[in-house]
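J.: Below: one structure in structure tokens.
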Amino acid sequence: MNLKLGDFVRFVDENIEGYITRIIDKDTIGVTDSNDFEIPVLASKVTLVHGDMPGEELIPSKSQVTVPEAEFKKDGIYLALVTDQHSSSVAHFHLVNESSYQLLAAFTTAKQDTFKGEFAGTVDPNTTKRIYSAQLGDIQIWPEFRLEILSSTKANVEPKSPIIFHRSIKGKDLSVAKEEIALLKQKGWLIRLDETEVVVDLEKLKEKFQK
């Protein structure tokens, strides 16, 4: 069974339910019950409870619609970090696409020359996709994130240059205040992936250095 952080599970042999808040090793998980008590248990001793799981996508995927060029939004691609709605110790990472492009993304984690493909797929315009989950308290040992994104559209608009985001996220990245993330309908931290290019006025720059 492919269990993930944030999944809602029920113990096979006991009348206990809760959310997975820790992956201890390949055989053992930590489940936090309604009393906020984390219980270590073999993964084989729980069953996934369908119908009461946090959504993989809080915004449903839609078939791609061609946006008129005049209304086309070229910017607004983010990596969002939000805490689980049931356990604040679990962090979920989402790709947030506020642009009118359809995105093709590949996400890999890297740690001590060990690589793991975590997500590969598309993110439609004005939707989100959850791509990774981790223990918030383990932030100092999170792996390096390697995220590559291509953009596509049926509209007569030039695609964006490929986005390459290779970096580790540390506590200082979360030292700023949370902000409202409309597509996720909750507050979290946003990392802008498609920063607008800075246009340098060479004449003003020359004047500055001549003073």
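Numbering starts fresh at 1 for the residues of each chain in the structure tokens, the chains themselves are lettered A, B, ... in the order given, and ligands are numbered from 1 as they appear.
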Considering only C-alpha atoms, give me a table of residues in stretch 116-169 of chain A that are at most 10 Å from stretch 187-193 of chain A, with the closest atom pair and distance in Å for each, as CSV.

T.:
residue,atom,partner,partner_atom,distance
A:Leu147,CA,A:Leu193,CA,9.8
A:Ile149,CA,A:Leu193,CA,9.4
A:Ile163,CA,A:Leu193,CA,7.1
A:Ile164,CA,A:Leu193,CA,8.4
A:Phe165,CA,A:Leu193,CA,7.3

J.: Only N, CA and C atoms, please: the residues just picked out, written as a CSV table (one decimal), in the first residue's frame.

T.:
chain,number,residue,atom,x,y,z
A,147,LEU,N,13.3,20.9,-9.4
A,147,LEU,CA,12.0,21.0,-10.1
A,147,LEU,C,12.3,21.7,-11.5
A,149,ILE,N,10.2,22.8,-15.1
A,149,ILE,CA,8.8,23.1,-15.6
A,149,ILE,C,8.9,23.7,-17.0
A,163,ILE,N,11.6,26.6,-16.7
A,163,ILE,CA,11.9,27.0,-15.3
A,163,ILE,C,12.7,25.9,-14.6
A,164,ILE,N,13.9,26.2,-14.1
A,164,ILE,CA,14.7,25.3,-13.4
A,164,ILE,C,14.9,25.8,-12.0
A,165,PHE,N,14.4,25.0,-11.0
A,165,PHE,CA,14.5,25.4,-9.6
A,165,PHE,C,15.2,24.3,-8.9

J.: Run DSSP on the backbone and grab whatever in chain A lands in helix (DSSP H, G or I); send it over as a VMD selection string.

T.: chain A and resid 43 to 45 69 to 71 136 to 141 171 to 174 202 to 210

J.: Just asking: which residues within stretch 3-37 of chain A are strand (DSSP E or B) according to DSSP, as a list in words?

T.: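 Put together, the selection reads Phe8, Val9, Arg10, Phe11, Glu17, Gly18, Tyr19, Ile20, Thr21, Arg22, Ile23, Thr28, Ile29, Gly30, Val31 and Thr32 of chain A.
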
J.: Would you mind exporting the chosen residues as an mmCIF file, in the first residue's frame, restricted to N, CA and C atoms?

T.:
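Final file, out-v4.cif:
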data_model
loop_
_atom_site.group_PDB
_atom_site.id
_atom_site.type_symbol
_atom_site.label_atom_id
_atom_site.label_comp_id
_atom_site.auth_asym_id
_atom_site.auth_seq_id
_atom_site.Cartn_x
_atom_site.Cartn_y
_atom_site.Cartn_z
ATOM 1 N N PHE A 8 -5.410 9.565 5.772
ATOM 2 C CA PHE A 8 -6.262 9.185 6.904
ATOM 3 C C PHE A 8 -6.376 7.665 6.924
ATOM 4 N N VAL A 9 -6.019 7.053 8.065
ATOM 5 C CA VAL A 9 -5.972 5.586 8.132
ATOM 6 C C VAL A 9 -6.691 5.083 9.373
ATOM 7 N N ARG A 10 -7.014 3.798 9.332
ATOM 8 C CA ARG A 10 -7.662 3.125 10.465
ATOM 9 C C ARG A 10 -6.830 1.891 10.829
ATOM 10 N N PHE A 11 -6.622 1.658 12.136
ATOM 11 C CA PHE A 11 -5.883 0.489 12.579
ATOM 12 C C PHE A 11 -6.702 -0.768 12.296
ATOM 13 N N GLU A 17 -8.300 5.646 14.689
ATOM 14 C CA GLU A 17 -8.149 6.291 13.386
ATOM 15 C C GLU A 17 -7.272 7.524 13.556
ATOM 16 N N GLY A 18 -6.651 7.937 12.485
ATOM 17 C CA GLY A 18 -5.844 9.148 12.556
ATOM 18 C C GLY A 18 -5.146 9.433 11.247
ATOM 19 N N TYR A 19 -4.328 10.475 11.270
ATOM 20 C CA TYR A 19 -3.610 10.906 10.079
ATOM 21 C C TYR A 19 -2.136 10.542 10.195
ATOM 22 N N ILE A 20 -1.567 10.114 9.092
ATOM 23 C CA ILE A 20 -0.143 9.784 9.072
ATOM 24 C C ILE A 20 0.656 11.077 9.192
ATOM 25 N N THR A 21 1.450 11.171 10.250
ATOM 26 C CA THR A 21 2.242 12.384 10.482
ATOM 27 C C THR A 21 3.739 12.124 10.445
ATOM 28 N N ARG A 22 4.127 10.865 10.262
ATOM 29 C CA ARG A 22 5.564 10.568 10.155
ATOM 30 C C ARG A 22 5.768 9.245 9.410
ATOM 31 N N ILE A 23 6.747 9.233 8.522
ATOM 32 C CA ILE A 23 7.203 7.992 7.900
ATOM 33 C C ILE A 23 8.492 7.628 8.618
ATOM 34 N N THR A 28 7.397 1.202 9.031
ATOM 35 C CA THR A 28 6.734 1.781 10.191
ATOM 36 C C THR A 28 6.343 3.234 9.936
ATOM 37 N N ILE A 29 5.155 3.610 10.414
ATOM 38 C CA ILE A 29 4.668 4.986 10.270
ATOM 39 C C ILE A 29 4.228 5.502 11.635
ATOM 40 N N GLY A 30 4.062 6.815 11.742
ATOM 41 C CA GLY A 30 3.495 7.425 12.935
ATOM 42 C C GLY A 30 2.111 7.954 12.604
ATOM 43 N N VAL A 31 1.116 7.582 13.377
ATOM 44 C CA VAL A 31 -0.269 8.017 13.160
ATOM 45 C C VAL A 31 -0.706 8.848 14.359
ATOM 46 N N THR A 32 -1.172 10.065 14.101
ATOM 47 C CA THR A 32 -1.657 10.939 15.171
ATOM 48 C C THR A 32 -3.170 10.827 15.259
#

J.: Given the choices A:Glu38, A:Asp75, A:Glu118, A:Glu195, which gets closest to A:Tyr132 if the distance is worked out from only C-alpha atoms?

T.: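 Closest residue, counting only C-alpha atoms: A:Glu118.
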
J.: Figure out the distance between atom CA of A:Lys45 and atom CA of A:Thr109, please, to one decimal in Å.

T.: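 Computing it gives 28.2 Å between the two atoms.
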
J.: Can you tell me which residues surround stretch 89-94 of chain A at a distance of at most 10 Å, considering only C-alpha atoms, apart from same-chain residues fewer than 2 positions away, and format the answer as JSON, numbers by chain?

T.: {"A": [5, 6, 19, 20, 21, 22, 56, 57, 78, 79, 80, 81, 82, 83, 84, 85, 86, 87, 96, 97, 127, 128, 129, 130, 131, 132, 133, 134, 135, 136, 137, 138, 139, 184, 188, 189, 190]}

J.: What is the distance, in Å and to one decimal place, between atom CA of A:Glu148 and atom CA of A:Asp25?

T.: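 We find that atom CA of A:Glu148 and atom CA of A:Asp25 lie 28.2 Å from each other.
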
J.: Out of A:Thr108, A:Ser151, A:Ser99, A:Ser88, which residue has the shortest atom-to-atom distance to A:Thr122 when counting only C-alpha atoms?

T.: A:Ser151

J.: Residues near stretch 100-106 of chain A, anyone? I mean within 7 Å using only C-alpha atoms, not counting same-chain ones fewer than 5 positions away, as a PyMOL selection string.

T.: chain A and resi 72-74+119-125+147-153

J.: Can I get the selection written as a short mmCIF file (atom, residue, chain, number, x, y, z; two decimals), in the first residue's frame, with N, CA and C atoms?

T.:
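Contents of result_3.cif, as written:
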data_model
loop_
_atom_site.label_atom_id
_atom_site.label_comp_id
_atom_site.auth_asym_id
_atom_site.auth_seq_id
_atom_site.Cartn_x
_atom_site.Cartn_y
_atom_site.Cartn_z
N PHE A 72 -4.84 36.63 -21.76
CA PHE A 72 -3.86 35.62 -21.38
C PHE A 72 -2.97 36.13 -20.24
N LYS A 73 -2.84 35.33 -19.19
CA LYS A 73 -1.99 35.70 -18.06
C LYS A 73 -0.68 34.91 -18.16
N LYS A 74 0.42 35.64 -18.32
CA LYS A 74 1.70 34.99 -18.58
C LYS A 74 2.47 34.64 -17.31
N PHE A 119 7.33 13.44 -8.46
CA PHE A 119 6.14 13.85 -9.23
C PHE A 119 6.54 14.12 -10.67
N ALA A 120 5.67 13.72 -11.59
CA ALA A 120 5.81 14.07 -12.99
C ALA A 120 4.40 14.16 -13.56
N GLY A 121 4.06 15.30 -14.14
CA GLY A 121 2.71 15.44 -14.68
C GLY A 121 2.42 16.87 -15.10
N THR A 122 1.16 17.13 -15.41
CA THR A 122 0.75 18.44 -15.88
C THR A 122 -0.03 19.19 -14.80
N VAL A 123 0.03 20.50 -14.89
CA VAL A 123 -0.75 21.37 -14.01
C VAL A 123 -1.49 22.35 -14.91
N ASP A 124 -2.81 22.25 -14.93
CA ASP A 124 -3.62 23.09 -15.80
C ASP A 124 -3.66 24.53 -15.32
N PRO A 125 -4.05 25.47 -16.19
CA PRO A 125 -4.17 26.87 -15.76
C PRO A 125 -5.12 27.01 -14.57
N LEU A 147 13.31 20.87 -9.43
CA LEU A 147 12.03 21.04 -10.11
C LEU A 147 12.28 21.68 -11.48
N GLU A 148 11.79 21.03 -12.54
CA GLU A 148 11.88 21.58 -13.89
C GLU A 148 10.48 21.70 -14.48
N ILE A 149 10.20 22.84 -15.11
CA ILE A 149 8.85 23.11 -15.61
C ILE A 149 8.91 23.65 -17.04
N LEU A 150 8.10 23.08 -17.93
CA LEU A 150 7.89 23.59 -19.28
C LEU A 150 6.46 24.13 -19.36
N SER A 151 6.24 25.11 -20.22
CA SER A 151 4.90 25.69 -20.38
C SER A 151 4.40 25.48 -21.80
N SER A 152 3.08 25.39 -21.93
CA SER A 152 2.47 25.16 -23.24
C SER A 152 1.11 25.84 -23.29
N THR A 153 0.71 26.25 -24.49
CA THR A 153 -0.62 26.83 -24.68
C THR A 153 -1.03 26.70 -26.14
#

J.: Could you work out how far atom CA of A:Lys116 lies from atom CA of A:Ile24, giving the answer in Å with one decimal?

T.: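 Pair atom CA of A:Ile24 / atom CA of A:Lys116 returns 17.4 Å.
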
J.: For A:Ser44, which residue out of A:Asp7, A:Glu71, A:Glu179, A:Asp13 is the nearest one, using only C-alpha atoms?

T.: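 Of all the options, A:Asp13 lies closest to A:Ser44.
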
J.: Between A:Asp113, A:Pro162, A:Gln140, A:Thr47, which is the closest to A:Leu174 once you count only C-alpha atoms?

T.: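 Distance minimum relative to A:Leu174 lands on A:Gln140.
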
J.: Taking into account only C-alpha atoms, which residue in the set A:Asn35, A:Asn156, A:Gln112, A:Asn126 is nearest to A:Ile77?

T.: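 Distance minimum relative to A:Ile77 lands on A:Asn126.
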